[in-house]
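Engineer: Would you mind keeping the following structure in view while I ask a few things?
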Amino acid sequence: MKSVVALGEPLYEFSRIPGARHYAQGFGGDTSNFSVAAARAGGRAAYLTRIGDDPFGDELMGMWRDEAVDVSAVEVAAGEPTGLYFITHGPQGHVFSYRRTGSAASVMRLTPAFAGAIQRAGYFHVSGISQAISVAACDTVFEAIAMAREHAVPVSYDLNYRPRLWPAARARAIAEATIGMTDLFLPSLDEASALLGIDDADALIDWSHARGARLVAVKAGARGAVVSDGRTRVQIPGHRVVALDATGAGDCFAGVLVTRLVAGDPLAQAARAACVAAALSTTGYGALSALPTWPQILAAMNVTA
């Protein structure tokens, strides 16, 4: 199986479980979560990023190696910080606070090592968050997508709209420019409602295909997903669990979906596995603690390997 390659910003995580007085250490960042989810789901995953030469960057490298994510192209930047974030939990769910301004990843460029990994990939994954953190990072995302397209590597794009990171008008313009360059678009209904004013899955799929997306997977949280290849649309039901924390669930969905597409699964079949995986990922706290393995996903689907 070819590698699933993602580019973006990792974050060192501090999560305060409800009722606790202290923060638990963890790891996050949407594209990092994606890569770990892909690796745990049985895929070959590689991550492209830039981290600081600090203890947070060191621990992220150790985590990726433990998770069998290829980090051979990761840059370590002397004197630059690794981004951090904090999770607390309130009546409406998780709340995020970030310390990422000027992070090493925010000034990443398309290096020869990055380009080589992209050219060899089975799928290349990027995110709207990476486009939002800085102009340099946004430019790098576009350069990397162009590299993938030049070498006939399919591209997946997770909208991951975060209004605190950039103005809505710029976010929408960048998203529309990116969608036409990608093979798989991964918006969520709540993000599309906030950014585009679209709160219906069919309308969102129509909008996405009209802008050039070949495949669309609309994430709808506990309700599952709706996927389309431009000819057929399939509603994928959610998998019922006792959810504790939805941090990283959308990243898990994307990582498993793309991994299964690289493995040769049809879109709807891949999305069923992704919905189950995303649900299982909410049964623990933090971004990575409950990301499932492929045997766990199969067991939850009542399927034997």
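Residue numbering restarts at 1 for every chain of the structure tokens, chains are lettered A, B, ... in their displayed order, and ligands are numbered from 1 as they appear.
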List as a VMD selection string the protein and nucleic acid residues near region 58-60 of chain A, meaning an atom at most 12 Å away when only C-alpha atoms are counted, but skip any in the same chain fewer than 4 places from it.

Structural biologist: chain A and resid 9 to 13 25 to 29 32 to 33 36 47 49 to 54 64 to 67 69 71 74 to 77 81 to 84

Engineer: Using only C-alpha atoms, determine which residues lie at most 9 Å from region 242-252 of chain A, disregarding the query and same-chain residues fewer than 3 positions distant; provide the list as a PyMOL selection string.

Structural biologist: chain A and resi 28-38+87+89+93-94+158+160+188+219+221+255-257+274-275+277-288+291-292

Engineer: Find the residues around Gly128 (chain A) up to 8 Å (only C-alpha atoms counted), leave out those fewer than 6 positions away in its own chain, and share them as a VMD selection string.

Structural biologist: chain A and resid 157 to 161 171 175

Engineer: Env of Arg109 (chain A): 10 Å cut, atoms = only C-alpha atoms, seq-sep filter 6 positions within chain, self excluded. Answer as a ChimeraX atom specification.

Structural biologist: /A:49-50,75,136-141,143-144

Engineer: Just the selected residues (all heavy atoms), exported as a PDB file, in the first residue's frame, please.

Structural biologist:
```pdb
ATOM      1  N   THR A  49       6.090  18.384   8.281  1.00  0.00           N
ATOM      2  CA  THR A  49       5.887  19.546   9.128  1.00  0.00           C
ATOM      3  C   THR A  49       7.225  20.112   9.555  1.00  0.00           C
ATOM      4  O   THR A  49       8.289  19.613   9.180  1.00  0.00           O
ATOM      5  CB  THR A  49       5.032  19.190  10.355  1.00  0.00           C
ATOM      6  OG1 THR A  49       4.633  20.405  11.009  1.00  0.00           O
ATOM      7  CG2 THR A  49       5.795  18.308  11.344  1.00  0.00           C
ATOM      8  N   ARG A  50       7.137  21.141  10.408  1.00  0.00           N
ATOM      9  CA  ARG A  50       8.309  21.817  10.952  1.00  0.00           C
ATOM     10  C   ARG A  50       8.044  22.020  12.438  1.00  0.00           C
ATOM     11  O   ARG A  50       7.008  22.583  12.804  1.00  0.00           O
ATOM     12  CB  ARG A  50       8.478  23.160  10.236  1.00  0.00           C
ATOM     13  CG  ARG A  50       9.831  23.822  10.346  1.00  0.00           C
ATOM     14  CD  ARG A  50       9.923  24.930   9.301  1.00  0.00           C
ATOM     15  NE  ARG A  50      11.256  25.516   9.280  1.00  0.00           N
ATOM     16  CZ  ARG A  50      11.611  26.585   9.985  1.00  0.00           C
ATOM     17  NH1 ARG A  50      10.724  27.189  10.769  1.00  0.00           N
ATOM     18  NH2 ARG A  50      12.847  27.059   9.923  1.00  0.00           N
ATOM     19  N   GLU A  75      11.159  18.736   9.563  1.00  0.00           N
ATOM     20  CA  GLU A  75      12.224  19.693   9.852  1.00  0.00           C
ATOM     21  C   GLU A  75      12.210  20.075  11.330  1.00  0.00           C
ATOM     22  O   GLU A  75      11.140  20.302  11.900  1.00  0.00           O
ATOM     23  CB  GLU A  75      12.030  20.974   9.042  1.00  0.00           C
ATOM     24  CG  GLU A  75      12.483  20.910   7.611  1.00  0.00           C
ATOM     25  CD  GLU A  75      12.549  22.312   7.027  1.00  0.00           C
ATOM     26  OE1 GLU A  75      11.486  22.899   6.772  1.00  0.00           O
ATOM     27  OE2 GLU A  75      13.671  22.814   6.834  1.00  0.00           O
ATOM     28  N   ALA A 136       2.632  32.331   4.789  1.00  0.00           N
ATOM     29  CA  ALA A 136       3.670  31.400   4.329  1.00  0.00           C
ATOM     30  C   ALA A 136       3.154  29.971   4.291  1.00  0.00           C
ATOM     31  O   ALA A 136       3.385  29.233   3.322  1.00  0.00           O
ATOM     32  CB  ALA A 136       4.898  31.490   5.232  1.00  0.00           C
ATOM     33  N   ALA A 137       2.445  29.559   5.341  1.00  0.00           N
ATOM     34  CA  ALA A 137       1.911  28.204   5.376  1.00  0.00           C
ATOM     35  C   ALA A 137       0.863  27.999   4.300  1.00  0.00           C
ATOM     36  O   ALA A 137       0.796  26.935   3.665  1.00  0.00           O
ATOM     37  CB  ALA A 137       1.336  27.905   6.758  1.00  0.00           C
ATOM     38  N   CYS A 138       0.028  29.008   4.080  1.00  0.00           N
ATOM     39  CA  CYS A 138      -0.988  28.916   3.031  1.00  0.00           C
ATOM     40  C   CYS A 138      -0.333  28.746   1.662  1.00  0.00           C
ATOM     41  O   CYS A 138      -0.744  27.899   0.860  1.00  0.00           O
ATOM     42  CB  CYS A 138      -1.871  30.158   3.058  1.00  0.00           C
ATOM     43  SG  CYS A 138      -3.287  30.084   1.930  1.00  0.00           S
ATOM     44  N   ASP A 139       0.696  29.540   1.389  1.00  0.00           N
ATOM     45  CA  ASP A 139       1.419  29.411   0.122  1.00  0.00           C
ATOM     46  C   ASP A 139       2.011  28.014  -0.036  1.00  0.00           C
ATOM     47  O   ASP A 139       1.990  27.426  -1.129  1.00  0.00           O
ATOM     48  CB  ASP A 139       2.531  30.449   0.040  1.00  0.00           C
ATOM     49  CG  ASP A 139       2.019  31.874  -0.135  1.00  0.00           C
ATOM     50  OD1 ASP A 139       0.822  32.037  -0.451  1.00  0.00           O
ATOM     51  OD2 ASP A 139       2.814  32.807   0.049  1.00  0.00           O
ATOM     52  N   THR A 140       2.540  27.482   1.069  1.00  0.00           N
ATOM     53  CA  THR A 140       3.151  26.152   1.025  1.00  0.00           C
ATOM     54  C   THR A 140       2.120  25.082   0.712  1.00  0.00           C
ATOM     55  O   THR A 140       2.391  24.137  -0.042  1.00  0.00           O
ATOM     56  CB  THR A 140       3.857  25.852   2.356  1.00  0.00           C
ATOM     57  OG1 THR A 140       4.899  26.814   2.550  1.00  0.00           O
ATOM     58  CG2 THR A 140       4.457  24.455   2.376  1.00  0.00           C
ATOM     59  N   VAL A 141       0.917  25.213   1.288  1.00  0.00           N
ATOM     60  CA  VAL A 141      -0.153  24.263   0.987  1.00  0.00           C
ATOM     61  C   VAL A 141      -0.454  24.263  -0.507  1.00  0.00           C
ATOM     62  O   VAL A 141      -0.559  23.204  -1.147  1.00  0.00           O
ATOM     63  CB  VAL A 141      -1.422  24.575   1.804  1.00  0.00           C
ATOM     64  CG1 VAL A 141      -2.616  23.766   1.298  1.00  0.00           C
ATOM     65  CG2 VAL A 141      -1.195  24.287   3.280  1.00  0.00           C
ATOM     66  N   GLU A 143       1.498  25.238  -3.005  1.00  0.00           N
ATOM     67  CA  GLU A 143       2.644  24.689  -3.734  1.00  0.00           C
ATOM     68  C   GLU A 143       2.670  23.165  -3.639  1.00  0.00           C
ATOM     69  O   GLU A 143       2.974  22.466  -4.616  1.00  0.00           O
ATOM     70  CB  GLU A 143       3.939  25.267  -3.176  1.00  0.00           C
ATOM     71  CG  GLU A 143       4.154  26.749  -3.470  1.00  0.00           C
ATOM     72  CD  GLU A 143       5.391  27.284  -2.769  1.00  0.00           C
ATOM     73  OE1 GLU A 143       6.330  26.502  -2.549  1.00  0.00           O
ATOM     74  OE2 GLU A 143       5.413  28.485  -2.437  1.00  0.00           O
ATOM     75  N   ALA A 144       2.347  22.653  -2.458  1.00  0.00           N
ATOM     76  CA  ALA A 144       2.354  21.202  -2.257  1.00  0.00           C
ATOM     77  C   ALA A 144       1.243  20.530  -3.056  1.00  0.00           C
ATOM     78  O   ALA A 144       1.439  19.450  -3.637  1.00  0.00           O
ATOM     79  CB  ALA A 144       2.215  20.891  -0.770  1.00  0.00           C
TER      80      ALA A 144
END
```

Engineer: Please return as a ChimeraX atom specification: the residues of region 14-237 of chain A that backbone DSSP assigns to strand (DSSP E or B).

Structural biologist: /A:14-15,24-28,44-48,50-52,69-70,75-77,84-90,93-99,123-127,155-158,184-186,188,215-219,225-228,233-236

Engineer: Between A:Met61, A:Ala177, A:Ile205, A:Val4, which one has atoms that come closest to Gly42 (chain A), using only C-alpha atoms?

Structural biologist: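 Smallest distance to Gly42 (chain A) is found for A:Val4.
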
Engineer: Looking at A:Ala78, A:Val227, A:Ala194, A:Ala210, which one is nearest to Glu176 (chain A), with distances taken over only C-alpha atoms?

Structural biologist: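 Going through A:Ala78, A:Val227, A:Ala194, A:Ala210 one by one, the smallest distance to Glu176 (chain A) is for A:Ala210.
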
Engineer: Calculate how many Å separate CA of Ser15 (chain A) from CA of Val95 (chain A), rounding to one decimal.

Structural biologist: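 Interatomic distance here is 9.9 Å.
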
Engineer: Residues of region 92-211 of chain A classed as alpha helix (DSSP H) by DSSP on the backbone are to be reported as a PyMOL selection string.

Structural biologist: chain A and resi 112-119+128-132+135-150+168-179+189-196+201-210

Engineer: Could you name the residues that touch Gly102 (chain A) at 10 Å or less, counting only C-alpha atoms, but leaving out those on the same chain fewer than 2 positions away, as an NGL selection string?

Structural biologist: :A and (80-83 or 99-100 or 104-107 or 133-134)

Engineer: Could the residues in this selection be written to a file with N, CA and C atoms, as a PDB file, in the first residue's frame?

Structural biologist:
```pdb
ATOM      1  N   GLU A  80      13.025  28.060  17.355  1.00  0.00           N
ATOM      2  CA  GLU A  80      11.626  28.353  17.043  1.00  0.00           C
ATOM      3  C   GLU A  80      10.716  27.449  17.873  1.00  0.00           C
ATOM      4  N   PRO A  81       9.538  27.951  18.281  1.00  0.00           N
ATOM      5  CA  PRO A  81       8.687  27.180  19.181  1.00  0.00           C
ATOM      6  C   PRO A  81       7.782  26.185  18.466  1.00  0.00           C
ATOM      7  N   THR A  82       7.456  25.123  19.175  1.00  0.00           N
ATOM      8  CA  THR A  82       6.400  24.202  18.753  1.00  0.00           C
ATOM      9  C   THR A  82       5.084  24.724  19.315  1.00  0.00           C
ATOM     10  N   GLY A  83       4.028  24.702  18.522  1.00  0.00           N
ATOM     11  CA  GLY A  83       2.737  25.228  18.954  1.00  0.00           C
ATOM     12  C   GLY A  83       2.116  24.394  20.071  1.00  0.00           C
ATOM     13  N   ARG A  99      -1.688  28.552  21.782  1.00  0.00           N
ATOM     14  CA  ARG A  99      -0.445  29.318  21.878  1.00  0.00           C
ATOM     15  C   ARG A  99       0.430  28.874  20.705  1.00  0.00           C
ATOM     16  N   ARG A 100       0.098  29.418  19.528  1.00  0.00           N
ATOM     17  CA  ARG A 100       0.751  28.924  18.311  1.00  0.00           C
ATOM     18  C   ARG A 100       1.339  30.039  17.441  1.00  0.00           C
ATOM     19  N   ALA A 104       7.020  27.088  14.644  1.00  0.00           N
ATOM     20  CA  ALA A 104       7.922  26.646  13.580  1.00  0.00           C
ATOM     21  C   ALA A 104       7.145  26.236  12.335  1.00  0.00           C
ATOM     22  N   ALA A 105       5.984  25.596  12.525  1.00  0.00           N
ATOM     23  CA  ALA A 105       5.201  25.136  11.383  1.00  0.00           C
ATOM     24  C   ALA A 105       4.609  26.291  10.591  1.00  0.00           C
ATOM     25  N   SER A 106       4.399  27.429  11.228  1.00  0.00           N
ATOM     26  CA  SER A 106       3.759  28.547  10.535  1.00  0.00           C
ATOM     27  C   SER A 106       4.639  29.147   9.445  1.00  0.00           C
ATOM     28  N   VAL A 107       5.922  28.820   9.429  1.00  0.00           N
ATOM     29  CA  VAL A 107       6.815  29.325   8.376  1.00  0.00           C
ATOM     30  C   VAL A 107       7.409  28.178   7.556  1.00  0.00           C
ATOM     31  N   ILE A 133      -3.009  29.587   9.396  1.00  0.00           N
ATOM     32  CA  ILE A 133      -2.070  29.986  10.457  1.00  0.00           C
ATOM     33  C   ILE A 133      -1.079  31.049  10.005  1.00  0.00           C
ATOM     34  N   SER A 134      -0.840  31.167   8.700  1.00  0.00           N
ATOM     35  CA  SER A 134       0.050  32.213   8.197  1.00  0.00           C
ATOM     36  C   SER A 134      -0.012  32.241   6.674  1.00  0.00           C
TER      37      SER A 134
END
```

Engineer: Smallest atom-to-atom distance to Ile118 (chain A): which of A:Ser3, A:Ser289, A:Asn302, A:Thr178, using only C-alpha atoms?

Structural biologist: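 Counting only C-alpha atoms, the residue closest to Ile118 (chain A) is A:Ser3.
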
Engineer: So what do you get for CA of Ala46 (chain A) versus CA of Gly264 (chain A), distance-wise?

Structural biologist: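 Separation between CA of Ala46 (chain A) and CA of Gly264 (chain A): 18.7 Å.
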